[in-house]
Each structure stands twice: as structure tokens, then as C-alpha cells.
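Taking it in order: structure first as C-alpha cells, then the write-up.
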Amino acid sequence: MIPYGRQWVDASDIQAVIKVLKSNWLTQGPDIKKFEEALVSYHGFKYAVVLSSGTAALHLAYLAAGLKKGDEVITTPNTFAATANMLLVVGAKPVFCDIRLDSYNIDESKIEILITKKTRAIVPVDFAGHSCEMHKIVRIAKKYGLKIIEDACHGLGGSYHNKKIGSLADLAVLSFHPVKSITTGEGGAVLTNNQRHYQKLISLRSHGIHKDGSGKNVMTALGYNYRLTDIQAALGLSQLKKLAVWIKKRQQIVQWYQSELRGVKEIILPSQLPNNYSAWHIYVIRAVQPKVRDKLMVYLKKRGVGVNFHYPAVYSHPYYKKIGYGKLKLKNMELYHNSCLTLPCYPRLSLKEVRYIGKLIKIFFA
């Protein structure tokens with residue numbers, strides 16, 4: 001089976017992990033700081049806090065931004081459920097904005113009409129590694145005094161107007177799950193330029209406990225154990241050194257797909273908009289006739305191609321219907337989630353495999 005996504009762990013990664021396993025520190029040691037400093041250097045933020053998962057990173061980013069019960073937050077329905085789930089966890093209400101049909105990101109032209117007196121933040125998601133239109137979103141946020149918490153979990157390695165994805169947000173969230181641009185097994189991070197946000201993130205990451213002036217551990221907030229281990233940090237640090245090469249490989253794979261599938265009129269191919277350099281976390285096609293999508297999925301899976309769906313609308317999940325989103329239907333999102341299909345895309349995918357996938361799709365429609 002050709003999977004839709006897969007990590008790349010080589011000998012240098014393994015040696016980095018072994019070195020930590022032989023050291024005195026398996027967690028809360030020096031490799032955590034090294035990994036955070038490397039992320040700061042790469043992105044240009046002042047602070048980075050690494051955490052146990054992208055979901056943990058979202059949770060603490062929302063808390064650091066001061067989101068609480070009764071607040072409203074505008075976000076996209078085209079994302080993994082964790083983006084909205086962690087808003088619910090802190091007591092805030094996700095307000096879903098429809099998407100664009102070119103990048104499949106939040107439609108920035110529809111954000112402003114959703115803003116109310118209760119709106120406190122915007123959470124754009126860089127779907128598939130392609131940046132949202134952040135210049136326009138920043139202008140809206142400044143106009144209404146809103147925080148921007150950018151879910152850049154797909155975007156590490158991409159750029160927008162020659163700036164790293166996430167760099168225009170108040171807080172940017174990364175994920176290091178195995179199918180992402182780099183991996184620590186599980187893991188995530190929050191990036192920020194705000195010292196107050198940083199200090200809150202550090203505290204909440206480790207039970208809200210820190211050392212006082214006398215060196216004693218004191219708990220000043222209700223925190224969590226969202227710590228990343230040094231084992232994971234060493235793997236992440238090693239992987240980060242190869243990020244640029246891997247993103248170029250993803251870009252090459254997309255070019256192969258575009259070449260192989262350009263003449264197939266029954267599908268819509270994804271695009272990279274001007275002033276964007278996508279990290280191409282995933283490669284999503286759409287069936288022109290949505291009813292055909294599921295048949296194509298079955299056909300490809302039976303022939304060893306691990307296709308996937310990214311994503312059903314968050315508001316369409318049974319849980320969200322149960323809590324009040326049952327009647328919500330956004331036009332573009334409905335069209336998208338009924339027609340989308342994710343094809344394999346990861347650095348070790350070969351031209352031969354892409355040609356095989358392309359050939360199957362052509363045969364199916366023929």
C-alpha cells in the first residue's frame with residue numbers, strides 16, 4: 001500500500017536519538033532548549049515553546065491569548081477537529097467561516113461579517129501547507145482589536161510573501177506528527193513574539209509550577225503536563241536541518257502530479273497562489289462530479305493507493321451537530337468536503353509511484 005503520508009527517519013536522526021538515550025537527560029534537559037532555539041532561528045520569532053502534541057499547542061496558545069468562556073473565535077471548518085475542539089475546551093465558541101475554492105483556506109472576505117461584540121480572535125488554518133491571505137486577515141484583526149492564532153500545523157517549511165508561514169500571527173502553532181513536514185513522533189510548538197504569552201506557555205506546559213526566588217517549586221496556575229521529551233527534541237532538531245530539502249521534494253512531487261493529471265477533465269487539481277510557497281503537507285484533488293469521489297476512493301484503495309479525506313467540515317461531525325451546529329451548512333465547504341480526495345504526498349514518494357497513481361485515475365475515468 002502506498003500511504004497518503006509517511007515520515008522520513010534516517011541514520012542521522014537515529015544517532016541523534018541514541019545520543020540522548022545514552023545521556024543523563026531523557027526529558028526536561030538541554031535538547032529541549034536547543035530545539036526551541038532552532039525553531040526561533042528558523043522562523044524569526046523571539047520565543048518558541050515545544051509541547052507534547054499539536055493539540056496541546058493549540059490548547060495552550062488559546063489560554064495564553066486569554067480566550068475563555070463566552071468568547072467567540074472565527075475559524076475555518078476545513079481543518080482537523082482539534083483546531084475547534086480546543087476552543088471548546090477553553091470555553092470559547094467556534095464561529096465557522098466559509099472557505100475559498102482555490103486554496104481551500106478560510107475566505108478572508110467573509111470574516112468581517114461574522115464579527116460580533118463577543119469576538120476575541122481569528123484562527124486561520126494554513127490548509128495543506130498553503131498560507132491563508134494573512135495580510136488581509138491582519139488588517140481585519142487590527143481594525144477590531146482581535147488576536148490572530150495561526151494554526152500552521154500543515155505549514156512548516158512554507159512561506160507567504162517571502163516570510164515564513166505563521167510569522168504574521170500573535171501566536172503560531174506547529175505540529176510534528178509523523179505525516180507533517182518534520183516529526184518528533186508526536187509533538188508540537190507555539191511561536192510568539194510576546195514575552196507575556198511566552199511566560200504563560202512555559203508555566204502551563206509544566207503544571208503551572210516554577211521555582212521562586214529561593215529555588216523552591218511553587219504552583220501559581222492550574223497547568224498541564226504537556227512537556228516534550230529530550231528524545232523527541234533531538235529527533236526534531238535533526239529533522240529540522242533537512243526541512244528545506246524535503247519541502248523541495250514535496251514541490252517536485254506536486255509538479256509530477258500536475259503533469260500526470262493535467263488532462264483529466266473529471267478532476268480539479270490544487271493550485272499554489274501567487275506570493276505563496278506551499279509546504280504541500282497533503283495533495284488534494286476534487287471530483288467535478290461529487291458522486292464519483294467515493295467510487296474513485298474505493299477503486300484506488302483496492303489497487304494499493306492509500307487515499308484519504310481532508311477534511312469533512314468540522315461542523316458536520318456528530319458531536320458538533322449535537323452541540324448546536326446541526327443546521328449549519330456553508331456553501332463552498334459543502335461542495336469541497338463532498339468532492340475532495342487526498343492523494344499520497346511525502347518526500348520519499350517516487351516518480352514511478354506518482355505515474356502509477358496517475359495511470360489508475362486515468363483508467364478509472366476512461
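Starting from 1 in every chain, residues are counted up; chains themselves are A, B, ... following the order of the C-alpha cells, and ligands are numbered from 1 as listed.
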Query - Distance query segment 355-360 of chain A at most 9 Å, only C-alpha atoms, self and fewer than 4 positions along chain excluded, as number ranges by chain - result: A: 256-257, 260-261, 299-300, 303, 305, 343-344, 350-351, 364-365
Now that the selection is made, can you save its residues with N, CA and C atoms as a JSON list (two decimals), in the first residue's frame?
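In the end it all went to part.json:
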```json
[["chain", "number", "residue", "atom", "x", "y", "z"],
["A", 256, "TRP", "N", 5.00, 16.66, -10.52],
["A", 256, "TRP", "CA", 4.75, 15.38, -11.19],
["A", 256, "TRP", "C", 3.25, 15.12, -11.31],
["A", 257, "TYR", "N", 2.54, 15.31, -10.23],
["A", 257, "TYR", "CA", 1.09, 15.11, -10.25],
["A", 257, "TYR", "C", 0.42, 16.04, -11.27],
["A", 260, "GLU", "N", 1.02, 14.71, -14.69],
["A", 260, "GLU", "CA", 0.32, 13.45, -14.96],
["A", 260, "GLU", "C", -1.19, 13.63, -15.09],
["A", 261, "LEU", "N", -1.76, 14.55, -14.32],
["A", 261, "LEU", "CA", -3.22, 14.64, -14.20],
["A", 261, "LEU", "C", -3.82, 15.85, -14.91],
["A", 299, "TYR", "N", -11.81, 2.43, -5.70],
["A", 299, "TYR", "CA", -11.01, 1.91, -6.83],
["A", 299, "TYR", "C", -9.52, 2.02, -6.52],
["A", 300, "LEU", "N", -9.07, 3.17, -6.02],
["A", 300, "LEU", "CA", -7.65, 3.38, -5.75],
["A", 300, "LEU", "C", -7.17, 2.54, -4.56],
["A", 303, "ARG", "N", -6.36, -0.98, -5.26],
["A", 303, "ARG", "CA", -5.16, -1.13, -6.08],
["A", 303, "ARG", "C", -3.91, -0.60, -5.36],
["A", 305, "VAL", "N", -3.43, 2.14, -3.28],
["A", 305, "VAL", "CA", -3.17, 3.57, -3.10],
["A", 305, "VAL", "C", -3.95, 4.06, -1.87],
["A", 343, "LEU", "N", -4.47, 12.46, -2.19],
["A", 343, "LEU", "CA", -3.56, 11.50, -2.78],
["A", 343, "LEU", "C", -2.25, 11.47, -1.99],
["A", 344, "PRO", "N", -1.48, 10.37, -2.09],
["A", 344, "PRO", "CA", -0.20, 10.30, -1.37],
["A", 344, "PRO", "C", 0.73, 11.46, -1.72],
["A", 350, "SER", "N", 8.00, 8.25, -5.05],
["A", 350, "SER", "CA", 8.80, 8.25, -6.27],
["A", 350, "SER", "C", 7.98, 8.66, -7.49],
["A", 351, "LEU", "N", 8.69, 9.04, -8.55],
["A", 351, "LEU", "CA", 8.04, 9.36, -9.82],
["A", 351, "LEU", "C", 7.27, 8.15, -10.35],
["A", 364, "PHE", "N", -9.60, 4.85, -14.51],
["A", 364, "PHE", "CA", -10.91, 4.91, -13.84],
["A", 364, "PHE", "C", -11.88, 5.79, -14.62],
["A", 365, "PHE", "N", -11.44, 6.95, -15.03],
["A", 365, "PHE", "CA", -12.35, 7.86, -15.73],
["A", 365, "PHE", "C", -12.56, 7.48, -17.20]]
```
Report task. Please provide the set of residues having any atom within 7 Å of segment 241-254 of chain A, restricted to only C-alpha atoms, with same-chain residues fewer than 6 positions apart removed, written as a list of chain:residue names. Result -> A:Gly157, A:Ser181, A:Ile182, A:Ala279, A:Trp280, A:Cys345, A:Tyr346, A:Pro347
Query raised in the report: Can you list, as a ChimeraX atom specification, every residue of segment 147-334 of chain A that DSSP puts in helix (DSSP H, G or I)?
Result: /A:195-205,230-240,243-261,290-302,314-316,318-325,331-334
Convert the current residue selection to file output with C-alpha atoms, as an mmCIF file, in the first residue's frame.
```cif
data_model
loop_
_atom_site.group_PDB
_atom_site.id
_atom_site.type_symbol
_atom_site.label_atom_id
_atom_site.label_comp_id
_atom_site.auth_asym_id
_atom_site.auth_seq_id
_atom_site.Cartn_x
_atom_site.Cartn_y
_atom_site.Cartn_z
ATOM 1 C CA GLN A 195 7.007 37.751 26.371
ATOM 2 C CA ARG A 196 3.842 37.569 28.485
ATOM 3 C CA HIS A 197 2.407 34.867 26.211
ATOM 4 C CA TYR A 198 5.728 33.027 26.365
ATOM 5 C CA GLN A 199 5.900 33.029 30.150
ATOM 6 C CA LYS A 200 2.324 31.752 30.398
ATOM 7 C CA LEU A 201 3.040 28.981 27.888
ATOM 8 C CA ILE A 202 6.140 27.882 29.829
ATOM 9 C CA SER A 203 4.193 27.801 33.082
ATOM 10 C CA LEU A 204 1.144 25.955 31.749
ATOM 11 C CA ARG A 205 3.338 23.394 29.948
ATOM 12 C CA ASP A 230 14.611 15.341 25.042
ATOM 13 C CA ILE A 231 14.414 12.150 22.964
ATOM 14 C CA GLN A 232 11.765 13.790 20.785
ATOM 15 C CA ALA A 233 13.508 17.155 20.750
ATOM 16 C CA ALA A 234 16.728 15.555 19.475
ATOM 17 C CA LEU A 235 14.787 13.913 16.639
ATOM 18 C CA GLY A 236 13.077 17.221 15.797
ATOM 19 C CA LEU A 237 16.363 19.120 15.825
ATOM 20 C CA SER A 238 17.926 16.588 13.455
ATOM 21 C CA GLN A 239 14.889 16.656 11.159
ATOM 22 C CA LEU A 240 14.731 20.452 11.030
ATOM 23 C CA LEU A 243 13.378 20.585 6.141
ATOM 24 C CA ALA A 244 14.271 22.747 3.125
ATOM 25 C CA VAL A 245 15.311 19.704 1.073
ATOM 26 C CA TRP A 246 12.140 17.819 1.995
ATOM 27 C CA ILE A 247 9.879 20.724 1.035
ATOM 28 C CA LYS A 248 11.624 20.900 -2.349
ATOM 29 C CA LYS A 249 10.887 17.189 -2.777
ATOM 30 C CA ARG A 250 7.221 17.804 -1.967
ATOM 31 C CA GLN A 251 7.159 20.619 -4.518
ATOM 32 C CA GLN A 252 8.663 18.240 -7.093
ATOM 33 C CA ILE A 253 6.036 15.581 -6.347
ATOM 34 C CA VAL A 254 3.285 18.140 -6.881
ATOM 35 C CA GLN A 255 4.792 19.071 -10.245
ATOM 36 C CA TRP A 256 4.755 15.381 -11.193
ATOM 37 C CA TYR A 257 1.091 15.108 -10.245
ATOM 38 C CA GLN A 258 0.218 18.268 -12.145
ATOM 39 C CA SER A 259 1.918 16.885 -15.231
ATOM 40 C CA GLU A 260 0.317 13.449 -14.962
ATOM 41 C CA LEU A 261 -3.217 14.639 -14.200
ATOM 42 C CA PRO A 290 -19.016 14.676 -6.228
ATOM 43 C CA LYS A 291 -20.936 11.378 -6.511
ATOM 44 C CA VAL A 292 -17.914 9.864 -8.271
ATOM 45 C CA ARG A 293 -15.483 10.653 -5.416
ATOM 46 C CA ASP A 294 -16.291 7.643 -3.219
ATOM 47 C CA LYS A 295 -16.123 5.251 -6.180
ATOM 48 C CA LEU A 296 -12.697 6.618 -7.092
ATOM 49 C CA MET A 297 -11.586 6.206 -3.479
ATOM 50 C CA VAL A 298 -12.630 2.527 -3.429
ATOM 51 C CA TYR A 299 -11.013 1.914 -6.827
ATOM 52 C CA LEU A 300 -7.654 3.375 -5.747
ATOM 53 C CA LYS A 301 -7.582 1.665 -2.354
ATOM 54 C CA LYS A 302 -8.234 -1.735 -3.932
ATOM 55 C CA VAL A 314 -15.842 20.215 11.460
ATOM 56 C CA TYR A 315 -19.456 21.264 11.987
ATOM 57 C CA SER A 316 -20.621 18.069 10.244
ATOM 58 C CA PRO A 318 -21.929 14.119 15.072
ATOM 59 C CA TYR A 319 -20.562 15.785 18.219
ATOM 60 C CA TYR A 320 -20.773 19.263 16.696
ATOM 61 C CA LYS A 321 -24.280 18.607 15.417
ATOM 62 C CA LYS A 322 -25.240 17.602 18.954
ATOM 63 C CA ILE A 323 -23.946 20.849 20.483
ATOM 64 C CA GLY A 324 -25.752 23.234 18.157
ATOM 65 C CA TYR A 325 -24.191 23.160 14.699
ATOM 66 C CA LYS A 331 -21.802 26.597 0.514
ATOM 67 C CA ASN A 332 -18.170 26.224 -0.513
ATOM 68 C CA MET A 333 -17.294 23.916 2.366
ATOM 69 C CA GLU A 334 -20.191 21.607 1.492
#
```
Query raised in the report: Given the choices A:Met134, A:Leu87, A:Tyr283, A:Gly129, which gets closest to Glu108 of chain A if the distance is worked out from only C-alpha atoms?
Result: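 Looking at the shortest contact to Glu108 of chain A, the residue is A:Met134.
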Report task. Could you give me, as a list in words, the residues within 10 Å of Lys163 of chain A, counting only C-alpha atoms and dropping anything in the same chain fewer than 5 positions from it? Result ->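 Listing them by chain and then by number gives His43, Gly44, Gly158, Leu168, Asn275, Asn276 and Tyr277 of chain A.
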Query - In segment 160-258 of chain A, DSSP strand (DSSP E) residues written as a ChimeraX atom specification - result: /A:160,163-164,171-175,188-192,209-211,217-219
Output N, CA and C atoms for every residue in that selection, as a PDB file, in the first residue's frame.
```pdb
ATOM      1  N   TYR A 160       4.949  32.916   2.833  1.00  0.00           N
ATOM      2  CA  TYR A 160       3.925  33.833   2.318  1.00  0.00           C
ATOM      3  C   TYR A 160       4.562  35.191   2.143  1.00  0.00           C
ATOM      4  N   LYS A 163       7.923  35.469   3.683  1.00  0.00           N
ATOM      5  CA  LYS A 163       8.040  35.319   5.136  1.00  0.00           C
ATOM      6  C   LYS A 163       7.526  33.931   5.521  1.00  0.00           C
ATOM      7  N   LYS A 164       8.151  33.338   6.515  1.00  0.00           N
ATOM      8  CA  LYS A 164       7.772  32.004   6.939  1.00  0.00           C
ATOM      9  C   LYS A 164       6.284  31.964   7.337  1.00  0.00           C
ATOM     10  N   LEU A 171       0.276  34.397  17.784  1.00  0.00           N
ATOM     11  CA  LEU A 171       0.776  33.088  18.191  1.00  0.00           C
ATOM     12  C   LEU A 171       0.619  32.151  16.999  1.00  0.00           C
ATOM     13  N   ALA A 172       1.635  31.355  16.711  1.00  0.00           N
ATOM     14  CA  ALA A 172       1.570  30.386  15.616  1.00  0.00           C
ATOM     15  C   ALA A 172       1.784  28.995  16.189  1.00  0.00           C
ATOM     16  N   VAL A 173       0.993  28.042  15.715  1.00  0.00           N
ATOM     17  CA  VAL A 173       1.023  26.682  16.251  1.00  0.00           C
ATOM     18  C   VAL A 173       1.561  25.720  15.197  1.00  0.00           C
ATOM     19  N   LEU A 174       2.480  24.848  15.619  1.00  0.00           N
ATOM     20  CA  LEU A 174       3.068  23.841  14.733  1.00  0.00           C
ATOM     21  C   LEU A 174       2.761  22.440  15.255  1.00  0.00           C
ATOM     22  N   SER A 175       2.810  21.472  14.340  1.00  0.00           N
ATOM     23  CA  SER A 175       2.654  20.062  14.700  1.00  0.00           C
ATOM     24  C   SER A 175       3.830  19.274  14.147  1.00  0.00           C
ATOM     25  N   GLY A 188       4.487  19.226  19.196  1.00  0.00           N
ATOM     26  CA  GLY A 188       4.034  20.489  18.623  1.00  0.00           C
ATOM     27  C   GLY A 188       4.800  21.643  19.229  1.00  0.00           C
ATOM     28  N   ALA A 189       4.458  22.847  18.822  1.00  0.00           N
ATOM     29  CA  ALA A 189       5.124  24.042  19.343  1.00  0.00           C
ATOM     30  C   ALA A 189       4.225  25.253  19.180  1.00  0.00           C
ATOM     31  N   VAL A 190       4.452  26.253  20.023  1.00  0.00           N
ATOM     32  CA  VAL A 190       3.821  27.563  19.873  1.00  0.00           C
ATOM     33  C   VAL A 190       4.939  28.588  19.727  1.00  0.00           C
ATOM     34  N   LEU A 191       4.802  29.457  18.720  1.00  0.00           N
ATOM     35  CA  LEU A 191       5.763  30.526  18.462  1.00  0.00           C
ATOM     36  C   LEU A 191       5.099  31.860  18.747  1.00  0.00           C
ATOM     37  N   THR A 192       5.835  32.778  19.347  1.00  0.00           N
ATOM     38  CA  THR A 192       5.283  34.100  19.648  1.00  0.00           C
ATOM     39  C   THR A 192       6.403  35.117  19.829  1.00  0.00           C
ATOM     40  N   ILE A 209       3.852  25.136  37.473  1.00  0.00           N
ATOM     41  CA  ILE A 209       4.852  25.164  38.550  1.00  0.00           C
ATOM     42  C   ILE A 209       6.156  25.789  38.047  1.00  0.00           C
ATOM     43  N   HIS A 210       6.747  26.629  38.877  1.00  0.00           N
ATOM     44  CA  HIS A 210       8.059  27.197  38.569  1.00  0.00           C
ATOM     45  C   HIS A 210       8.808  27.432  39.878  1.00  0.00           C
ATOM     46  N   LYS A 211      10.053  27.767  39.801  1.00  0.00           N
ATOM     47  CA  LYS A 211      10.860  27.994  41.009  1.00  0.00           C
ATOM     48  C   LYS A 211      10.754  29.454  41.449  1.00  0.00           C
ATOM     49  N   ASN A 217       9.925  24.916  44.329  1.00  0.00           N
ATOM     50  CA  ASN A 217       8.864  24.780  43.339  1.00  0.00           C
ATOM     51  C   ASN A 217       7.554  25.313  43.891  1.00  0.00           C
ATOM     52  N   VAL A 218       6.950  26.226  43.177  1.00  0.00           N
ATOM     53  CA  VAL A 218       5.656  26.777  43.588  1.00  0.00           C
ATOM     54  C   VAL A 218       4.694  26.708  42.402  1.00  0.00           C
ATOM     55  N   MET A 219       3.433  26.405  42.694  1.00  0.00           N
ATOM     56  CA  MET A 219       2.411  26.339  41.651  1.00  0.00           C
ATOM     57  C   MET A 219       1.581  27.610  41.704  1.00  0.00           C
TER      58      MET A 219
END
```
Query raised in the report: Which residue, A:Ile111, A:Val179, A:Asp98, A:Leu269, has the smallest gap to Arg348 of chain A when you use only C-alpha atoms?
Result: A:Val179
Report task. Show which residues sit within 6 Å of Asn105 of chain A, as a PyMOL selection string. Count only C-alpha atoms, and ignore same-chain residues fewer than 3 positions away. Result -> chain A and resi 99-100+127+132
Go ahead and write the selection's residues with C-alpha atoms as a PDB file, in the first residue's frame.
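Saved as selection_32.pdb:
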```pdb
ATOM      1  CA  ILE A  99     -13.677  28.697   2.590  1.00  0.00           C
ATOM      2  CA  ARG A 100     -12.172  29.758  -0.730  1.00  0.00           C
ATOM      3  CA  PHE A 127      -4.601  24.069   4.859  1.00  0.00           C
ATOM      4  CA  CYS A 132      -4.024  31.972   4.198  1.00  0.00           C
TER       5      CYS A 132
END
```
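Of the residues listed (A:His59, A:Asp151, A:Arg120, A:Ala169), A:Ala169 shows the shortest atom-to-atom separation from His135 of chain A; distances use only C-alpha atoms.
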Report task. Would you kindly return, as a list in words, each protein, DNA or RNA residue with an atom no farther than 12 Å from any atom of Ile113 of chain A, considering only C-alpha atoms and excluding same-chain residues fewer than 6 positions away? Result ->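 The neighbour list is Ile74, Val95, Phe96, Cys97, Asp98, Asp107, Thr119, Ile140 and Tyr144 of chain A.
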Query - Option closest in space to Ile363 of chain A, from A:Ser271, A:Tyr336, A:Ala11, A:Val264 [counting only C-alpha atoms] - result: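 Looking only at the distances to Ile363 of chain A, the closest residue turns out to be A:Val264.
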Query raised in the report: Between A:Gln289, A:Asn308, A:Thr183, A:Ser339, which has the minimum distance to Asp13 of chain A (counting only C-alpha atoms)?
Result: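 Checking each candidate against Asp13 of chain A, we get A:Thr183 as the closest.
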Query raised in the report: Which value, in Å to one decimal, gives the distance between atom CA of Pro30 of chain A and atom CA of Ser52 of chain A?
Result: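 Interatomic distance, atom CA of Pro30 of chain A to atom CA of Ser52 of chain A: 16.3 Å.
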Query - From A:Lys118, A:Asp126, A:Lys142, A:Ala81, residue lying nearest Tyr311 of chain A [only C-alpha atoms] - result: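 Using only C-alpha atoms, the shortest distance to Tyr311 of chain A belongs to A:Ala81.
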Query - Point-to-point distance from atom CA of Glu72 of chain A to atom CA of Ala84 of chain A, Å rounded to tenths - result: 11.2 Å
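You will find atom CA of Leu63 of chain A at 14.8 Å from atom CA of Thr220 of chain A.
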Requested in this report: Name the residues in contact with Lys93 of chain A at a cut-off of 8 Å, using only C-alpha atoms, excluding same-chain residues fewer than 5 positions from it; report them as JSON, numbers by chain.
Outcome: {"A": [69, 70, 71, 72, 73, 87, 88]}
